[in-house]
Every structure is written in C-alpha cells, then in structure tokens.
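What follows is the content of start_23.txt, which has compact mmCIF, C-alpha atoms and all ligand atoms:
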```txt
# COMPACT_ATOMS: atom_id res chain seq x y z
CA SER A 1 28.30 -9.46 10.11
CA ASP A 2 27.79 -9.16 6.35
CA ILE A 3 24.15 -9.82 5.53
CA GLY A 4 24.57 -8.99 1.86
CA SER A 5 23.24 -6.08 -0.05
CA GLN A 6 19.53 -5.30 0.07
CA LYS A 7 19.39 -4.74 -3.67
CA ASP A 8 19.44 -8.48 -4.37
CA ARG A 9 16.91 -9.42 -1.74
CA VAL A 10 13.57 -10.81 -2.92
CA VAL A 11 10.51 -11.44 -0.74
CA THR A 12 8.05 -13.61 -2.66
CA GLU A 13 4.27 -13.25 -2.62
CA GLU A 14 4.14 -16.63 -0.93
CA GLU A 15 6.30 -15.29 1.91
CA TRP A 16 3.94 -12.34 2.36
CA LEU A 17 0.95 -14.69 2.51
CA GLN A 18 2.78 -16.71 5.13
CA LYS A 19 3.45 -13.62 7.23
CA TRP A 20 -0.30 -12.99 7.30
CA GLU A 21 -1.07 -16.63 8.10
CA MET A 22 1.45 -16.70 10.94
CA GLY A 23 0.37 -13.33 12.28
CA ASN A 24 3.84 -11.89 11.62
CA ILE A 25 2.40 -8.48 10.89
CA GLY A 26 4.46 -6.20 13.11
CA PHE A 27 4.05 -3.54 10.40
CA HIS A 28 0.32 -3.22 11.09
CA LYS A 29 -0.52 -0.15 13.16
CA GLU A 30 -3.70 -0.64 15.09
CA GLN A 31 -3.97 3.05 15.98
CA GLY A 32 -3.17 4.29 12.50
CA HIS A 33 -0.11 6.27 11.49
CA PRO A 34 0.61 9.57 13.26
CA LEU A 35 2.23 10.97 10.10
CA LEU A 36 -1.05 10.73 8.20
CA GLN A 37 -2.72 12.83 10.86
CA LYS A 38 0.16 15.27 10.80
CA TYR A 39 0.12 15.65 7.01
CA LEU A 40 -3.58 15.16 6.31
CA ASP A 41 -3.90 18.77 5.12
CA VAL A 42 -1.10 18.23 2.63
CA LEU A 43 -2.85 15.15 1.28
CA LEU A 44 -6.25 16.78 1.01
CA ASN A 45 -5.09 20.29 0.12
CA GLY A 46 -8.53 21.68 0.90
CA ARG A 47 -10.30 19.25 -1.41
CA SER A 48 -13.18 16.92 -0.56
CA GLY A 49 -14.48 13.70 -2.04
CA LEU A 50 -11.08 12.56 -3.29
CA ARG A 51 -10.13 9.22 -4.80
CA ILE A 52 -7.28 7.95 -2.64
CA PHE A 53 -5.08 4.97 -3.46
CA PHE A 54 -3.43 2.65 -0.91
CA PRO A 55 -0.76 0.52 -2.63
CA LEU A 56 0.18 -2.69 -0.75
CA CYS A 57 -2.54 -1.78 1.72
CA GLY A 58 -2.52 -4.65 4.20
CA LYS A 59 -5.39 -3.86 6.54
CA ALA A 60 -4.34 -0.27 7.15
CA VAL A 61 -6.87 1.45 9.41
CA GLU A 62 -6.15 4.74 7.62
CA MET A 63 -8.42 3.45 4.83
CA LYS A 64 -11.34 3.56 7.25
CA TRP A 65 -10.34 7.03 8.55
CA LEU A 66 -10.25 8.56 5.09
CA ALA A 67 -13.44 6.80 3.98
CA ASP A 68 -15.17 8.20 7.07
CA LEU A 69 -14.02 11.67 6.00
CA GLY A 70 -15.95 11.22 2.75
CA HIS A 71 -13.20 10.05 0.42
CA SER A 72 -13.32 7.09 -1.88
CA ILE A 73 -10.65 4.47 -1.18
CA VAL A 74 -9.02 1.93 -3.47
CA GLY A 75 -6.40 -0.46 -2.13
CA VAL A 76 -4.44 -3.40 -3.48
CA GLU A 77 -3.17 -6.30 -1.43
CA VAL A 78 -2.02 -9.84 -2.35
CA SER A 79 -3.28 -11.40 0.87
CA GLU A 80 -6.98 -12.20 0.83
CA GLN A 81 -6.74 -12.82 4.56
CA ALA A 82 -5.57 -9.22 5.09
CA VAL A 83 -8.43 -7.85 2.99
CA LYS A 84 -11.03 -9.88 4.85
CA GLU A 85 -9.55 -8.92 8.21
CA PHE A 86 -9.82 -5.26 7.24
CA PHE A 87 -13.57 -5.55 6.73
CA SER A 88 -14.15 -7.73 9.78
CA ASP A 89 -11.95 -5.56 12.08
CA HIS A 90 -14.22 -2.63 11.26
CA SER A 91 -17.47 -4.65 11.10
CA LEU A 92 -17.99 -3.47 7.54
CA PRO A 93 -20.24 -5.57 5.31
CA TYR A 94 -18.75 -6.19 1.87
CA CYS A 95 -19.27 -8.10 -1.32
CA GLU A 96 -16.67 -9.74 -3.52
CA GLU A 97 -16.52 -10.18 -7.26
CA PRO A 98 -13.99 -11.34 -9.84
CA VAL A 99 -12.04 -8.68 -11.75
CA ALA A 100 -12.78 -9.29 -15.43
CA GLU A 101 -9.43 -7.91 -16.66
CA ILE A 102 -7.20 -9.91 -14.28
CA SER A 103 -7.45 -13.67 -14.07
CA GLY A 104 -7.64 -14.92 -10.50
CA ALA A 105 -8.08 -11.44 -9.02
CA LYS A 106 -10.99 -10.45 -6.79
CA MET A 107 -12.33 -7.09 -5.75
CA PHE A 108 -13.80 -6.67 -2.29
CA GLN A 109 -16.08 -3.70 -1.89
CA SER A 110 -17.78 -2.29 1.19
CA THR A 111 -21.54 -2.40 0.83
CA SER A 112 -21.56 1.38 1.15
CA GLY A 113 -19.37 1.40 -1.98
CA ASN A 114 -16.63 3.75 -0.80
CA ILE A 115 -13.86 1.20 -0.11
CA SER A 116 -12.70 -1.15 -2.89
CA LEU A 117 -9.82 -3.51 -2.20
CA TYR A 118 -8.27 -5.45 -5.06
CA CYS A 119 -6.80 -8.78 -4.10
CA CYS A 120 -4.00 -9.31 -6.62
CA SER A 121 -0.47 -8.11 -7.24
CA ILE A 122 -0.14 -4.37 -7.74
CA TYR A 123 1.72 -5.13 -10.97
CA ASP A 124 -1.53 -6.54 -12.42
CA LEU A 125 -3.23 -3.14 -12.12
CA SER A 126 -3.30 -0.20 -14.51
CA SER A 127 -5.22 3.06 -14.78
CA SER A 128 -7.56 1.44 -17.31
CA ILE A 129 -8.71 -0.92 -14.54
CA ILE A 130 -8.71 1.30 -11.44
CA GLY A 131 -8.64 4.82 -12.85
CA LYS A 132 -6.48 7.66 -11.56
CA PHE A 133 -6.16 9.11 -8.08
CA ASP A 134 -6.10 12.49 -6.37
CA GLY A 135 -4.08 11.20 -3.45
CA VAL A 136 -1.80 8.33 -2.43
CA TRP A 137 -0.86 7.08 1.02
CA ASP A 138 2.35 5.09 0.50
CA ARG A 139 3.37 3.64 3.85
CA GLY A 140 4.92 0.19 4.00
CA ALA A 141 4.58 0.08 0.23
CA LEU A 142 7.63 1.45 -1.64
CA VAL A 143 9.73 0.22 1.28
CA ALA A 144 8.17 -3.26 0.99
CA VAL A 145 8.66 -3.55 -2.77
CA ASN A 146 11.63 -5.71 -3.75
CA PRO A 147 14.54 -3.42 -4.62
CA CYS A 148 14.73 -4.90 -8.14
CA ASP A 149 11.08 -3.87 -8.73
CA ARG A 150 11.34 -0.27 -7.53
CA GLN A 151 11.54 1.33 -10.96
CA ARG A 152 8.55 -0.64 -12.21
CA TYR A 153 6.61 0.26 -9.06
CA ALA A 154 7.41 3.97 -9.36
CA SER A 155 6.44 4.06 -13.05
CA LEU A 156 3.17 2.35 -12.29
CA MET A 157 2.41 4.71 -9.40
CA THR A 158 3.21 7.71 -11.57
CA SER A 159 0.73 6.42 -14.17
CA LEU A 160 -2.00 6.11 -11.53
CA VAL A 161 -2.05 9.71 -10.31
CA GLU A 162 -3.87 12.76 -11.66
CA LYS A 163 -1.89 15.91 -12.48
CA ASN A 164 -2.95 17.70 -9.30
CA SER A 165 -2.48 14.84 -6.89
CA SER A 166 -0.70 14.60 -3.54
CA TYR A 167 1.49 11.62 -2.78
CA LEU A 168 2.48 11.02 0.83
CA LEU A 169 5.41 8.63 1.09
CA VAL A 170 6.70 7.23 4.36
CA THR A 171 10.20 5.77 4.39
CA VAL A 172 12.55 4.61 7.10
CA SER A 173 16.15 5.63 7.52
CA TYR A 174 18.66 3.18 8.96
CA ASP A 175 21.95 1.42 8.26
CA SER A 176 21.06 -1.06 5.51
CA ASN A 177 24.04 -3.26 6.43
CA LYS A 178 22.44 -4.07 9.75
CA HIS A 179 18.97 -5.18 8.70
CA LYS A 180 17.95 -7.18 5.65
CA GLY A 181 14.48 -5.63 5.27
CA PRO A 182 11.67 -5.21 4.57
CA PRO A 183 11.20 -2.41 5.23
CA PHE A 184 14.04 -1.63 2.85
CA TYR A 185 16.08 1.52 3.11
CA VAL A 186 15.36 3.76 0.13
CA PRO A 187 17.70 6.75 0.12
CA GLU A 188 16.24 10.15 -0.66
CA SER A 189 18.42 10.46 -3.78
CA GLU A 190 16.83 7.28 -5.12
CA ILE A 191 13.32 8.55 -4.37
CA LYS A 192 14.15 11.66 -6.41
CA SER A 193 15.36 9.62 -9.35
CA LEU A 194 12.41 7.21 -9.14
CA PHE A 195 9.68 9.85 -8.99
CA GLY A 196 11.37 12.85 -10.60
N1 LIG A 201 0.66 -0.55 3.88
C1 LIG A 201 0.26 -1.49 4.91
C2 LIG A 201 0.96 -2.86 4.80
C3 LIG A 201 2.47 -2.82 4.76
S1 LIG A 201 3.27 -4.41 4.62
C4 LIG A 201 0.42 -0.86 6.27
O1 LIG A 201 0.84 0.29 6.35
O2 LIG A 201 0.11 -1.52 7.27
C5 LIG A 201 3.28 -4.70 2.86
C6 LIG A 201 2.02 -5.38 2.37
O3 LIG A 201 2.12 -5.53 0.95
C7 LIG A 201 1.77 -6.78 2.92
O4 LIG A 201 0.48 -6.84 3.46
C8 LIG A 201 1.91 -7.72 1.70
O5 LIG A 201 1.05 -8.82 1.77
C9 LIG A 201 1.58 -6.78 0.55
N2 LIG A 201 2.22 -7.05 -0.74
C10 LIG A 201 3.49 -7.46 -0.97
N3 LIG A 201 3.76 -7.52 -2.27
C11 LIG A 201 2.62 -7.12 -2.93
C12 LIG A 201 2.28 -6.96 -4.30
N4 LIG A 201 3.15 -7.21 -5.29
N5 LIG A 201 1.05 -6.52 -4.60
C13 LIG A 201 0.14 -6.26 -3.62
N6 LIG A 201 0.40 -6.39 -2.30
C14 LIG A 201 1.63 -6.82 -1.95
```

For the structure just supplied, provide its representation as structure tokens.
Amino acid sequence: SDIGSQKDRVVTEEEWLQKWEMGNIGFHKEQGHPLLQKYLDVLLNGRSGLRIFFPLCGKAVEMKWLADLGHSIVGVEVSEQAVKEFFSDHSLPYCEEPVAEISGAKMFQSTSGNISLYCCSIYDLSSSIIGKFDGVWDRGALVAVNPCDRQRYASLMTSLVEKNSSYLLVTVSYDSNKHKGPPFYVPESEIKSLFG
C-alpha cells in the first residue's frame, strides 16, 4: 500500500524521547557495529589520540571502544535517558554541567575526561562550542535525520570536521515505498550531493 513519500516524514524530538522511555530502541547494538571493526583502520588512518564525533549517539557502545583505544569522544543526543544509560551500562562515573552557550543543554562527561556527551539537539551545536574533529562515526545518524533537515545536517557536519578527517557513514539500502523509516533510505547520489 502507499505509505507516502519519506521526504515529508517528520519524527519529532518528543517521539525520540518516547522511544527511549518505552524501550523501543531496536537500533541499539549491544555488541557494537561490525562495520566499525572492519573499517577502524580507515577511520584512524594510523593516527592516535584523535577527537572523534558521534552525532545522534544514543548509547552507542562504540564510544567506549574508541575511548578505550585512547581517543577522545564527543557525542550529542537529545535523550538524557540515553546518555545516562550509556554511563551506567559501562559503570563509568561522570559529572554533568550546563552548557553556557546553549540554554537548557547539559554536558555529561566521564570522570576520566575522555567522553563528553552533549544532551541537546545537534542543531544547537557549532564548532565554536565543540571544536573540530579528526573522525566521525555516523551510524543511525544521517539516516535518522528528518529528510527535510538533511542539507542542514550535512552542512553542520562538514563544518565540524578538520581538513584531514575520516568520516565513516553507515546507510541502509531498501525500497523506501515499503517502510516509512527511520532509518530513512538515503540514496548514494544524494550522499554525494550532500557531502560533495
Ligand atoms: N547512533 C546511535 C543511535 C541511533 S538512533 C546508534 O548507532 O545506536 C538516533 C538517535 O538520535 C536517537 O537516540 C535519538 O534520540 C537521537 N536524536 C534524534 N534527533 C536528534 C537531534 N536533533 N539531536 C540529537 N539527537 C537526536
């Protein structure tokens, strides 16, 4: 049946918060993503001590993996529940503080200092607040962004990366007439036009 075109679909922040409250988090991968392991060398490119950004991070366990490898992790997530679950799932002590530049936003940081998770909308962030990154792990992020916000998202992400950065992007390929998303289907041609 016709479920309408994905380009008009909007998932509100409130709906995301509800997914977390209800435990509707089928996207969360407890064992981490096999593609990050497969392409870790591409992300790191022989470098150590990188700043790595996780847009729309949820409680992705890959943040812990990369932190344990000596990298410094910054994530952003609207759900405070998700952020707190990340730290409690890994028994990591943390502190929280307001973010001066963004009203209502909080930053949760591991006591060891190497994982900082911003609880706010990604669209509230800029490089003047969080700096620039050497690497990005974009899984469940571009594909979770509302189709009408893709251009804004891609421009923001482009502004957050250093010249010599690596950006790993995971997408899903399927018939977009059969599933309303998220994850949304983002064709490769669109990825090329978004990121250049
Ligand atoms: N990347 C994670 C989570 C994917 S699901 C993983 O791989 O498991 C998408 C996540 O983005 C959800 O946790 C949702 O709460 C969050 N989210 C949705 N819109 C957001 C926004 N505008 N800013 C920050 N986080 C957002």

>> Could you tell me how far atom CA of Pro98 of chain A sits from atom CA of Trp137 of chain A, in Å to one decimal place?
In response: 25.1 Å

>> Let me see if you get this right: every residue at most 6 Å from ligand LIG 201 (chain A), counting only C-alpha atoms and all ligand atoms, written as a list in words.
In response: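 After applying the 6 Å limit, what remains is Glu13, Trp16, Leu17, Phe27, His28, Leu56, Cys57, Gly58, Ala60, Val76, Glu77, Val78, Ser79, Cys120, Ser121, Ile122, Arg139, Gly140, Ala141 and Ala144 of chain A.
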
> What is the atom CA of Glu188 of chain A-atom CA of Glu62 of chain A distance in Å, reported with one decimal?
Replying inline: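 A separation of 24.5 Å between them.
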
>> List as a VMD selection string the protein and nucleic acid residues near Phe87 of chain A, meaning an atom at most 10 Å away when all atoms listed in the file are counted, but skip any in the same chain fewer than 2 places from it.
In response: chain A and resid 59 64 82 to 85 89 to 94 108 to 110 115 117

> Of the residues A:Gln6, A:Ile73, A:Glu162, A:Leu40, which is the one nearest to Pro183 of chain A, using all atoms listed in the file?
Replying inline: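 Among the listed residues, the smallest separation from Pro183 of chain A belongs to A:Gln6.
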
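The space separating atom CA of Ser112 of chain A from atom CA of Gly23 of chain A comes to 28.7 Å.
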
>> Which residues are near Lys7 of chain A? Cut-off 12 Å, only C-alpha atoms, ignore same chain within fewer than 3 positions. Put them as a VMD selection string.
In response: chain A and resid 3 to 4 10 to 11 143 145 to 150 176 to 177 180 to 182 184 to 186

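Counting only C-alpha atoms, the residue from A:Ser127, A:Glu30, A:Gly113, A:Ser173 that sits nearest to Gly70 of chain A is A:Gly113.
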
> Near Glu101 of chain A, counting all atoms listed in the file, which residues have an atom at most 10 Å away, once you skip same-chain residues fewer than 5 positions from it, shown as a list in words?
Replying inline: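 After dropping sequence-adjacent residues, the list is Asp124, Leu125, Ser128 and Ile129 of chain A.
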